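Peer 1: Here you go, work_32.pdb (PDB, C-alpha atoms):
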```pdb
ATOM      1  CA  MET A   1     -49.970   3.853 -10.546
ATOM      2  CA  LEU A   2     -49.638   0.836  -8.222
ATOM      3  CA  PHE A   3     -47.423  -2.013  -9.361
ATOM      4  CA  GLN A   4     -48.920  -5.486  -9.465
ATOM      5  CA  PRO A   5     -46.294  -7.895  -8.034
ATOM      6  CA  GLN A   6     -46.242 -10.067 -11.149
ATOM      7  CA  LYS A   7     -45.749  -7.077 -13.457
ATOM      8  CA  LEU A   8     -43.031  -5.623 -11.243
ATOM      9  CA  SER A   9     -41.174  -8.924 -11.136
ATOM     10  CA  ILE A  10     -41.257  -9.302 -14.919
ATOM     11  CA  ALA A  11     -40.267  -5.679 -15.425
ATOM     12  CA  LEU A  12     -37.318  -5.980 -13.047
ATOM     13  CA  CYS A  13     -36.073  -9.106 -14.794
ATOM     14  CA  ALA A  14     -36.385  -7.444 -18.182
ATOM     15  CA  LEU A  15     -34.613  -4.336 -16.939
ATOM     16  CA  PHE A  16     -31.732  -6.301 -15.448
ATOM     17  CA  PHE A  17     -31.305  -8.303 -18.660
ATOM     18  CA  THR A  18     -31.248  -5.033 -20.579
ATOM     19  CA  LEU A  19     -28.639  -3.546 -18.272
ATOM     20  CA  SER A  20     -26.452  -6.665 -18.484
ATOM     21  CA  ALA A  21     -26.581  -6.492 -22.261
ATOM     22  CA  GLN A  22     -25.261  -2.942 -22.074
ATOM     23  CA  ALA A  23     -22.367  -3.716 -19.753
ATOM     24  CA  GLY A  24     -19.556  -3.602 -22.310
ATOM     25  CA  LYS A  25     -16.820  -1.314 -20.994
ATOM     26  CA  LEU A  26     -14.011  -0.045 -23.203
ATOM     27  CA  SER A  27     -10.948   1.681 -21.784
ATOM     28  CA  ILE A  28      -8.550   3.495 -24.125
ATOM     29  CA  VAL A  29      -5.127   4.644 -22.941
ATOM     30  CA  ILE A  30      -2.899   6.830 -25.107
ATOM     31  CA  ASP A  31       0.778   6.231 -24.318
ATOM     32  CA  ASP A  32       3.865   8.370 -24.981
ATOM     33  CA  PHE A  33       2.377  11.668 -23.829
ATOM     34  CA  GLY A  34       4.784  14.547 -23.343
ATOM     35  CA  TYR A  35       6.497  14.813 -26.723
ATOM     36  CA  ARG A  36       3.813  15.840 -29.215
ATOM     37  CA  PRO A  37       1.673  18.639 -27.719
ATOM     38  CA  VAL A  38      -0.133  19.335 -30.998
ATOM     39  CA  GLU A  39      -1.459  15.796 -31.392
ATOM     40  CA  GLU A  40      -1.812  15.290 -27.638
ATOM     41  CA  ASN A  41      -4.039  18.346 -27.331
ATOM     42  CA  LYS A  42      -6.341  16.744 -29.905
ATOM     43  CA  VAL A  43      -6.537  13.660 -27.675
ATOM     44  CA  LEU A  44      -7.479  15.871 -24.736
ATOM     45  CA  GLN A  45     -10.428  17.180 -26.753
ATOM     46  CA  MET A  46     -11.826  13.640 -26.858
ATOM     47  CA  PRO A  47     -14.171  12.272 -24.160
ATOM     48  CA  ALA A  48     -12.783  12.575 -20.641
ATOM     49  CA  ALA A  49     -12.826   8.783 -20.235
ATOM     50  CA  ILE A  50      -9.870   8.573 -22.647
ATOM     51  CA  SER A  51      -6.809   8.186 -20.405
ATOM     52  CA  VAL A  52      -3.213   9.198 -21.015
ATOM     53  CA  ALA A  53       0.147   7.753 -19.983
ATOM     54  CA  VAL A  54       2.931  10.324 -19.679
ATOM     55  CA  LEU A  55       6.649   9.691 -20.086
ATOM     56  CA  PRO A  56       8.288  11.221 -17.010
ATOM     57  CA  ASN A  57      11.371  12.495 -18.862
ATOM     58  CA  ALA A  58       9.465  13.972 -21.800
ATOM     59  CA  PRO A  59       9.911  17.748 -22.221
ATOM     60  CA  HIS A  60       6.177  18.438 -21.825
ATOM     61  CA  ALA A  61       5.437  15.786 -19.201
ATOM     62  CA  ARG A  62       4.248  18.046 -16.370
ATOM     63  CA  GLU A  63       2.359  20.375 -18.704
ATOM     64  CA  MET A  64       0.417  17.599 -20.449
ATOM     65  CA  ALA A  65      -0.272  15.630 -17.257
ATOM     66  CA  THR A  66      -1.666  18.753 -15.613
ATOM     67  CA  LYS A  67      -3.753  19.681 -18.642
ATOM     68  CA  ALA A  68      -5.100  16.131 -18.924
ATOM     69  CA  HIS A  69      -6.080  16.069 -15.253
ATOM     70  CA  GLN A  70      -7.788  19.447 -15.543
ATOM     71  CA  GLY A  71      -9.801  18.063 -18.445
ATOM     72  CA  GLY A  72     -10.977  15.090 -16.372
ATOM     73  CA  HIS A  73      -8.702  12.515 -18.017
ATOM     74  CA  GLU A  74      -7.058   9.813 -15.922
ATOM     75  CA  VAL A  75      -3.265  10.058 -15.899
ATOM     76  CA  LEU A  76      -0.753   7.216 -15.697
ATOM     77  CA  ILE A  77       3.041   7.225 -15.495
ATOM     78  CA  HIS A  78       4.462   5.579 -18.604
ATOM     79  CA  LEU A  79       7.673   4.228 -17.123
ATOM     80  CA  PRO A  80      10.468   2.852 -19.356
ATOM     81  CA  MET A  81      11.368  -0.752 -18.579
ATOM     82  CA  ALA A  82      14.110  -2.869 -20.115
ATOM     83  CA  PRO A  83      13.239  -4.819 -23.295
ATOM     84  CA  LEU A  84      14.745  -8.127 -24.376
ATOM     85  CA  SER A  85      15.920  -6.553 -27.625
ATOM     86  CA  LYS A  86      19.360  -4.984 -27.690
ATOM     87  CA  GLN A  87      19.006  -1.236 -27.954
ATOM     88  CA  PRO A  88      20.118   1.817 -25.995
ATOM     89  CA  LEU A  89      18.123   2.252 -22.817
ATOM     90  CA  GLU A  90      16.404   5.514 -22.019
ATOM     91  CA  LYS A  91      17.262   7.427 -18.878
ATOM     92  CA  ASP A  92      15.904   5.777 -15.718
ATOM     93  CA  THR A  93      14.808   2.578 -17.441
ATOM     94  CA  LEU A  94      13.967  -0.116 -14.888
ATOM     95  CA  THR A  95      16.027  -3.308 -15.169
ATOM     96  CA  PRO A  96      15.704  -6.592 -13.216
ATOM     97  CA  GLU A  97      19.198  -6.143 -11.761
ATOM     98  CA  MET A  98      18.377  -2.820 -10.084
ATOM     99  CA  SER A  99      18.162  -2.617  -6.316
ATOM    100  CA  SER A 100      14.888  -1.838  -4.605
ATOM    101  CA  GLU A 101      16.370   1.514  -3.577
ATOM    102  CA  GLU A 102      17.175   2.483  -7.173
ATOM    103  CA  ILE A 103      13.706   1.460  -8.368
ATOM    104  CA  ALA A 104      12.181   3.471  -5.529
ATOM    105  CA  ARG A 105      14.233   6.521  -6.570
ATOM    106  CA  ILE A 106      13.145   6.253 -10.207
ATOM    107  CA  VAL A 107       9.471   5.850  -9.313
ATOM    108  CA  ARG A 108       9.709   8.749  -6.844
ATOM    109  CA  ASP A 109      11.280  11.010  -9.484
ATOM    110  CA  ALA A 110       8.671   9.944 -12.041
ATOM    111  CA  SER A 111       5.872  10.707  -9.604
ATOM    112  CA  GLY A 112       7.208  14.214  -9.192
ATOM    113  CA  LYS A 113       7.436  14.762 -12.942
ATOM    114  CA  VAL A 114       3.971  13.379 -13.717
ATOM    115  CA  PRO A 115       1.536  15.047 -11.307
ATOM    116  CA  PHE A 116      -1.946  13.645 -10.663
ATOM    117  CA  ALA A 117      -0.986  10.080 -11.645
ATOM    118  CA  VAL A 118      -3.110   7.258 -10.226
ATOM    119  CA  GLY A 119      -1.488   4.356 -12.023
ATOM    120  CA  LEU A 120       1.592   3.249 -13.906
ATOM    121  CA  ASN A 121       2.171   1.249 -17.083
ATOM    122  CA  ASN A 122       5.303  -0.049 -18.733
ATOM    123  CA  HIS A 123       6.978   1.437 -21.803
ATOM    124  CA  MET A 124       8.524  -1.532 -23.638
ATOM    125  CA  GLY A 125       9.671  -3.799 -20.785
ATOM    126  CA  SER A 126       9.608  -7.384 -22.056
ATOM    127  CA  LYS A 127      12.768  -8.201 -20.081
ATOM    128  CA  MET A 128      11.657  -6.422 -16.932
ATOM    129  CA  THR A 129       8.058  -7.604 -16.794
ATOM    130  CA  SER A 130       9.064 -11.248 -17.413
ATOM    131  CA  SER A 131      11.358 -11.152 -14.362
ATOM    132  CA  LEU A 132       9.517 -12.185 -11.196
ATOM    133  CA  PRO A 133      12.210 -10.840  -8.804
ATOM    134  CA  GLY A 134      12.383  -7.579 -10.745
ATOM    135  CA  MET A 135       8.624  -7.072 -10.786
ATOM    136  CA  GLN A 136       8.333  -7.974  -7.114
ATOM    137  CA  LYS A 137      10.616  -5.039  -6.333
ATOM    138  CA  VAL A 138       8.472  -2.799  -8.549
ATOM    139  CA  MET A 139       5.243  -3.862  -6.860
ATOM    140  CA  GLN A 140       6.681  -3.307  -3.388
ATOM    141  CA  VAL A 141       7.510   0.258  -4.415
ATOM    142  CA  LEU A 142       4.133   0.886  -6.081
ATOM    143  CA  ASN A 143       2.444  -0.388  -2.932
ATOM    144  CA  GLN A 144       3.647   2.765  -1.174
ATOM    145  CA  TYR A 145       1.933   5.021  -3.733
ATOM    146  CA  ASN A 146      -1.462   3.336  -4.035
ATOM    147  CA  TYR A 147      -0.928   3.128  -7.813
ATOM    148  CA  TYR A 148      -2.504   0.428  -9.930
ATOM    149  CA  PHE A 149      -0.347  -1.239 -12.591
ATOM    150  CA  LEU A 150      -1.520  -1.514 -16.185
ATOM    151  CA  ASP A 151       0.526  -4.242 -17.850
ATOM    152  CA  SER A 152       1.112  -3.295 -21.491
ATOM    153  CA  MET A 153       1.689  -7.024 -22.145
ATOM    154  CA  THR A 154       4.747  -6.693 -24.363
ATOM    155  CA  ILE A 155       5.558 -10.326 -23.537
ATOM    156  CA  GLY A 156       3.327 -13.320 -22.910
ATOM    157  CA  ASN A 157       4.912 -14.544 -19.668
ATOM    158  CA  SER A 158       4.665 -11.252 -17.803
ATOM    159  CA  GLN A 159       5.031 -11.729 -14.043
ATOM    160  CA  SER A 160       3.046  -8.671 -12.991
ATOM    161  CA  ILE A 161       0.172 -10.583 -11.394
ATOM    162  CA  PRO A 162       2.220 -13.060  -9.299
ATOM    163  CA  ALA A 163       4.607 -10.225  -8.384
ATOM    164  CA  ALA A 164       1.730  -8.190  -6.957
ATOM    165  CA  GLN A 165       0.731 -10.936  -4.524
ATOM    166  CA  GLY A 166       1.160  -9.789  -0.955
ATOM    167  CA  THR A 167       0.736  -6.126  -1.911
ATOM    168  CA  HIS A 168      -2.287  -3.881  -2.373
ATOM    169  CA  VAL A 169      -1.353  -3.179  -6.000
ATOM    170  CA  LYS A 170      -4.104  -4.091  -8.454
ATOM    171  CA  VAL A 171      -3.080  -5.222 -11.931
ATOM    172  CA  LEU A 172      -4.855  -4.662 -15.240
ATOM    173  CA  LYS A 173      -3.874  -6.095 -18.631
ATOM    174  CA  ARG A 174      -3.924  -4.554 -22.069
ATOM    175  CA  ARG A 175      -5.983  -6.560 -24.580
ATOM    176  CA  VAL A 176      -5.439  -4.633 -27.843
ATOM    177  CA  PHE A 177      -2.724  -2.437 -29.334
ATOM    178  CA  LEU A 178      -4.434  -0.013 -31.685
ATOM    179  CA  ASP A 179      -1.470   1.092 -33.760
ATOM    180  CA  ASP A 180       1.339  -1.430 -34.039
ATOM    181  CA  SER A 181       0.813  -0.540 -37.676
ATOM    182  CA  GLN A 182       0.132   3.108 -38.445
ATOM    183  CA  ASN A 183      -1.992   2.146 -41.426
ATOM    184  CA  GLU A 184      -5.435   3.701 -40.979
ATOM    185  CA  ALA A 185      -7.343   0.581 -42.036
ATOM    186  CA  SER A 186      -5.342  -1.512 -39.570
ATOM    187  CA  ILE A 187      -6.058   0.903 -36.708
ATOM    188  CA  ARG A 188      -9.762   0.813 -37.558
ATOM    189  CA  GLU A 189      -9.655  -2.967 -37.489
ATOM    190  CA  GLN A 190      -7.944  -3.010 -34.095
ATOM    191  CA  PHE A 191     -10.422  -0.492 -32.698
ATOM    192  CA  SER A 192     -13.302  -2.683 -33.867
ATOM    193  CA  ARG A 193     -11.585  -5.707 -32.317
ATOM    194  CA  ALA A 194     -11.375  -3.911 -28.955
ATOM    195  CA  VAL A 195     -15.090  -3.117 -29.151
ATOM    196  CA  LYS A 196     -15.954  -6.758 -29.898
ATOM    197  CA  LEU A 197     -13.827  -7.977 -26.983
ATOM    198  CA  ALA A 198     -15.587  -5.528 -24.655
ATOM    199  CA  GLN A 199     -18.958  -6.777 -25.900
ATOM    200  CA  ARG A 200     -17.960 -10.418 -25.496
ATOM    201  CA  ASP A 201     -16.057 -10.279 -22.201
ATOM    202  CA  GLY A 202     -17.646  -7.276 -20.518
ATOM    203  CA  TYR A 203     -14.586  -5.058 -20.809
ATOM    204  CA  ALA A 204     -11.374  -4.497 -22.738
ATOM    205  CA  ILE A 205      -8.370  -2.174 -22.512
ATOM    206  CA  ALA A 206      -6.813  -0.808 -25.693
ATOM    207  CA  ILE A 207      -3.537   1.139 -25.895
ATOM    208  CA  GLY A 208      -2.593   3.566 -28.647
ATOM    209  CA  HIS A 209      -0.194   6.415 -29.265
ATOM    210  CA  PRO A 210      -0.525  10.059 -30.288
ATOM    211  CA  HIS A 211       0.288   9.403 -33.939
ATOM    212  CA  PRO A 212      -1.654  11.609 -36.378
ATOM    213  CA  THR A 213      -3.256   8.531 -37.954
ATOM    214  CA  THR A 214      -4.344   7.112 -34.591
ATOM    215  CA  VAL A 215      -5.772  10.456 -33.517
ATOM    216  CA  ARG A 216      -7.694  10.754 -36.780
ATOM    217  CA  VAL A 217      -9.187   7.257 -36.462
ATOM    218  CA  LEU A 218     -10.252   7.905 -32.864
ATOM    219  CA  GLN A 219     -11.841  11.219 -33.843
ATOM    220  CA  GLN A 220     -13.843   9.398 -36.498
ATOM    221  CA  MET A 221     -14.796   6.221 -34.616
ATOM    222  CA  LEU A 222     -15.432   7.334 -31.041
ATOM    223  CA  PRO A 223     -18.647   9.236 -31.879
ATOM    224  CA  SER A 224     -20.101   6.097 -33.466
ATOM    225  CA  LEU A 225     -19.425   3.632 -30.651
ATOM    226  CA  PRO A 226     -22.153   0.981 -30.360
ATOM    227  CA  SER A 227     -24.863   1.812 -27.841
ATOM    228  CA  ASP A 228     -23.904  -1.199 -25.718
ATOM    229  CA  ILE A 229     -20.347   0.078 -25.170
ATOM    230  CA  THR A 230     -19.382   2.574 -22.471
ATOM    231  CA  LEU A 231     -16.016   4.350 -22.372
ATOM    232  CA  VAL A 232     -14.424   4.034 -18.937
ATOM    233  CA  ARG A 233     -11.159   4.918 -17.220
ATOM    234  CA  PRO A 234      -8.823   2.030 -16.321
ATOM    235  CA  SER A 235      -9.452   2.602 -12.610
ATOM    236  CA  GLN A 236     -13.119   1.785 -13.209
ATOM    237  CA  LEU A 237     -12.086  -1.744 -14.206
ATOM    238  CA  LEU A 238     -10.039  -2.575 -11.111
ATOM    239  CA  ASN A 239     -12.737  -4.812  -9.657
ATOM    240  CA  GLU A 240     -13.569  -6.645 -12.877
ATOM    241  CA  PRO A 241     -12.621 -10.348 -13.085
ATOM    242  CA  MET A 242      -9.359 -10.964 -14.922
ATOM    243  CA  HIS A 243      -9.759 -12.616 -18.320
ATOM    244  CA  GLN A 244      -7.196 -15.219 -19.297
ATOM    245  CA  GLY A 245      -7.741 -15.094 -23.056
ATOM    246  CA  LYS A 246      -4.840 -14.815 -25.460
ATOM    247  CA  ILE A 247      -3.410 -11.318 -25.731
ATOM    248  CA  PRO A 248      -1.350 -10.408 -28.798
ATOM    249  CA  MET A 249       2.106  -9.249 -27.777
ATOM    250  CA  THR A 250       4.642  -6.870 -29.165
ATOM    251  CA  THR A 251       8.184  -8.114 -29.289
ATOM    252  CA  ASP A 252      10.010  -4.902 -28.348
ATOM    253  CA  LYS A 253      12.031  -5.445 -31.530
ATOM    254  CA  SER A 254      10.666  -2.464 -33.395
ATOM    255  CA  PRO A 255      12.888   0.630 -33.423
ATOM    256  CA  ALA A 256      12.373   2.889 -30.457
ATOM    257  CA  PRO A 257      10.330   5.996 -31.275
ATOM    258  CA  LYS A 258      12.070   9.320 -31.595
ATOM    259  CA  PHE A 259      10.025  10.543 -28.662
ATOM    260  CA  ARG A 260       9.775   8.937 -25.250
ATOM    261  CA  ALA A 261       6.789   7.200 -23.806
ATOM    262  CA  PRO A 262       4.181   8.831 -21.553
ATOM    263  CA  GLY A 263       3.425   8.640 -17.880
ATOM    264  CA  VAL A 264       0.383   8.455 -15.683
ATOM    265  CA  CYS A 265      -2.587  10.722 -15.085
ATOM    266  CA  LYS A 266      -4.611  11.095 -11.936
ATOM    267  CA  VAL A 267      -8.321  10.515 -11.792
ATOM    268  CA  SER A 268     -10.709  13.306 -10.958
ATOM    269  CA  LYS A 269     -12.551  13.373  -7.630
ATOM    270  CA  PRO A 270     -14.962  10.426  -7.410
ATOM    271  CA  LEU A 271     -18.676  11.072  -7.309
ATOM    272  CA  PRO A 272     -20.364  10.748  -3.889
ATOM    273  CA  PRO A 273     -22.223   7.491  -3.307
ATOM    274  CA  VAL A 274     -25.967   7.455  -4.011
ATOM    275  CA  PRO A 275     -28.074   6.768  -0.875
ATOM    276  CA  GLN A 276     -29.916   3.446  -1.011
ATOM    277  CA  SER A 277     -33.312   5.123  -0.689
ATOM    278  CA  ARG A 278     -32.541   7.384  -3.639
ATOM    279  CA  ALA A 279     -31.224   4.462  -5.705
ATOM    280  CA  VAL A 280     -34.472   2.541  -5.160
ATOM    281  CA  GLY A 281     -36.468   5.621  -6.122
ATOM    282  CA  VAL A 282     -34.472   6.074  -9.311
ATOM    283  CA  LEU A 283     -34.990   2.410 -10.196
ATOM    284  CA  ARG A 284     -38.736   2.694  -9.569
ATOM    285  CA  GLU A 285     -38.930   5.810 -11.734
ATOM    286  CA  SER A 286     -36.977   4.123 -14.487
ATOM    287  CA  ILE A 287     -39.239   1.105 -14.435
ATOM    288  CA  SER A 288     -42.482   3.085 -14.319
ATOM    289  CA  ASN A 289     -41.389   5.154 -17.323
ATOM    290  CA  SER A 290     -39.785   2.333 -19.234
ATOM    291  CA  PHE A 291     -40.755   1.063 -22.641
ATOM    292  CA  ILE A 292     -40.685  -2.464 -21.225
ATOM    293  CA  LEU A 293     -43.376  -1.730 -18.632
ATOM    294  CA  HIS A 294     -45.448   0.146 -21.185
ATOM    295  CA  GLN A 295     -45.475  -2.996 -23.331
ATOM    296  CA  LEU A 296     -46.344  -5.133 -20.325
ATOM    297  CA  ASN A 297     -49.310  -2.901 -19.557
ATOM    298  CA  GLN A 298     -50.617  -3.665 -22.996
ATOM    299  CA  LEU A 299     -50.467  -7.374 -22.256
ATOM    300  CA  PHE A 300     -52.050  -7.522 -18.779
TER
END
```
Output the file's structure as C-alpha cells, nothing else.
Peer 2:
Amino acid sequence: MLFQPQKLSIALCALFFTLSAQAGKLSIVIDDFGYRPVEENKVLQMPAAISVAVLPNAPHAREMATKAHQGGHEVLIHLPMAPLSKQPLEKDTLTPEMSSEEIARIVRDASGKVPFAVGLNNHMGSKMTSSLPGMQKVMQVLNQYNYYFLDSMTIGNSQSIPAAQGTHVKVLKRRVFLDDSQNEASIREQFSRAVKLAQRDGYAIAIGHPHPTTVRVLQQMLPSLPSDITLVRPSQLLNEPMHQGKIPMTTDKSPAPKFRAPGVCKVSKPLPPVPQSRAVGVLRESISNSFILHQLNQLF
C-alpha cells in the first residue's frame, strides 16, 4: 500500500503522541544487598531492570553483586557516608574531614569488593552529602571510575550536583523511599506514588530495601504496572532533565539496621545501535500495521 502524504502525516503525529504518552520510566533500586541472601535472591527473580546497591563490607557482597550482574541487574556500590545523627560509624564510612587520598582508598576497596558496579549511592550520609568540600573530593574520585552517583537524598541541601561540576560524573536523585515504614499498606502507597511521579514527570527513581514486606509488595505490584510505565535501570535515566520538585527526606535519625547497606551493580553489555535505515523501516512497518492508520483508512 502507498501512503498518501496527508494520511502519513496524521499517522506520524498520532504515533508520536502515543509514544510520548507512554514515556513514563520507573527505576527501582534495592539497597543494603549483601546481608540477606534469602530475600535478596527473591529480588533477583524480579525483572532485570530492578537494580541493586551492595554494601561493600557485607559478608555476601561479592556473591550477590556477581549473581545480580549475571541476571542482568544493574549493580551499584552502596557506600556508607556520615550522618548528622550521633551513632557509631560503620567501617570505611566517608566523612567530610577525610583526605582525598583516604576517600580514594575507600572507594578503591569498595570497587574491589563489589564487582560489576557502574554507579554508587550513599548509605545514610546526611552530614557527608551536605558538605560541598567533602562531596567535591568524592566526585573527583568517582571521576576516575566513570561511575554515576545516585543521591539517596537523605537531606534536602545535598551538594552532590554542585560538587560534580567540573567532572564527568552524572548525578541522579531519588524521588521516593518505598519502605521508611515496613507496613505493607504504606509500601503500596509509596509504590503507587512513584508510579504517579513517573507518569507526571516522565521518570522517577524509588529506593527500597530487601525487607520481607518490601519484597512481597514488589512481587505483587510489579506484574500489574500500568501500561504507560516502563521499568528502567538508573543508567538509562542519565540523560533525562533533572526535576527540581520537592523530595521527601529521611533524617538519618532512625536506628541503623542490623545489616549493612548494599553496593553497586554493573550494567550488562549495551545493545548495538539500530542503523537509521532499519529504524525507518521499523517505523514504517509499525505505522502501516497500526490501529491508528487502520482507523484513518476508514475515514479517507
Peer 1: I'd like the residues picked by the PyMOL selection byres ((chain A and resi 167) around 9) written out as a PyMOL selection string, using the chain letters and numbers from the file.
Peer 2: chain A and resi 139-140+142-143+163-166+168-170
Peer 1: Have a look at CA of Lys67 in chain A and CA of Ser224 in chain A and let me know their distance in Å, one decimal.
Peer 2: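 Between CA of Lys67 in chain A and CA of Ser224 in chain A the gap is 25.9 Å.
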Peer 1: Would you pick out the contacts of Leu120 in chain A at 10 Å or less, using all atoms listed in the file, so that residues sharing its chain but fewer than 3 positions from it are not included, and give the list as a PyMOL selection string?
Peer 2: chain A and resi 53-54+75-79+107+110-111+117+123+142+147-151+171+262-265
Peer 1: Find, counting only C-alpha atoms, the residue in A:Ile205, A:Leu55, A:Ile28, A:Ile50 that gets nearest to Gly72 in chain A.
Peer 2: A:Ile50
Peer 1: Would you write out, as a list of chain:residue names, every residue that the PyMOL selection byres ((chain A and resi 29-34) around 7) captures in this file?
Peer 2: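 This file, filtered by the PyMOL selection byres ((chain A and resi 29-34) around 7), leaves A:Ser27, A:Ile28, A:Tyr35, A:Arg36, A:Pro37, A:Glu40, A:Ile50, A:Ser51, A:Val52, A:Ala53, A:Val54, A:Leu55, A:Ala58, A:Pro59, A:His60, A:Ala61, A:Met64, A:His78, A:Ala206, A:Ile207, A:Gly208, A:His209, A:Pro210, A:Arg260, A:Ala261, A:Pro262, A:Gly263.
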Peer 1: From (-8.9, 18.9, -26.2), in the file's coordinates, out to 12 Å: which residues are reached, counting all atoms listed in the file? Answer as an NGL selection string.
Peer 2: :A and (37-48 or 50 or 64 or 67-73 or 215 or 219)
Peer 1: If I take CA of Ala49 in chain A and CA of Leu222 in chain A, how far is one from the other in Å, to one decimal?
Peer 2: 11.2 Å
Peer 1: Taking every listed atom of range 208-224 of chain A and adding 3 Å to each side, what centre and edge lengths in Å (one decimal) does the axis-aligned box have, as AutoDock Vina command-line options?
Peer 2:
```
--center_x -9.9 --center_y 7.6 --center_z -33.3 --size_x 26.4 --size_y 14.0 --size_z 15.3
```
Peer 1: When the PyMOL selection byres ((chain A and resi 113) around 8) is applied to the file above, which residues end up in the set, as a list in words?
Peer 2: Pro56, Asn57, Ala61, Arg62, Asp109, Ala110, Ser111, Gly112, Val114 and Pro115 of chain A
Peer 1: Quick one: distance from CA of Ser100 in chain A to CA of Lys137 in chain A in Å, one decimal?
Peer 2: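 Spanning CA of Ser100 in chain A to CA of Lys137 in chain A is a straight-line distance of 5.6 Å.
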Peer 1: Pick out the residues sitting within 12 Å of Gln190 in chain A, and hand them over as a PyMOL selection string; count all atoms listed in the file, and ignore anything fewer than 4 positions along from it in its own chain.
Peer 2: chain A and resi 28+175-186+194-197+204-208+214+217-218+221+248
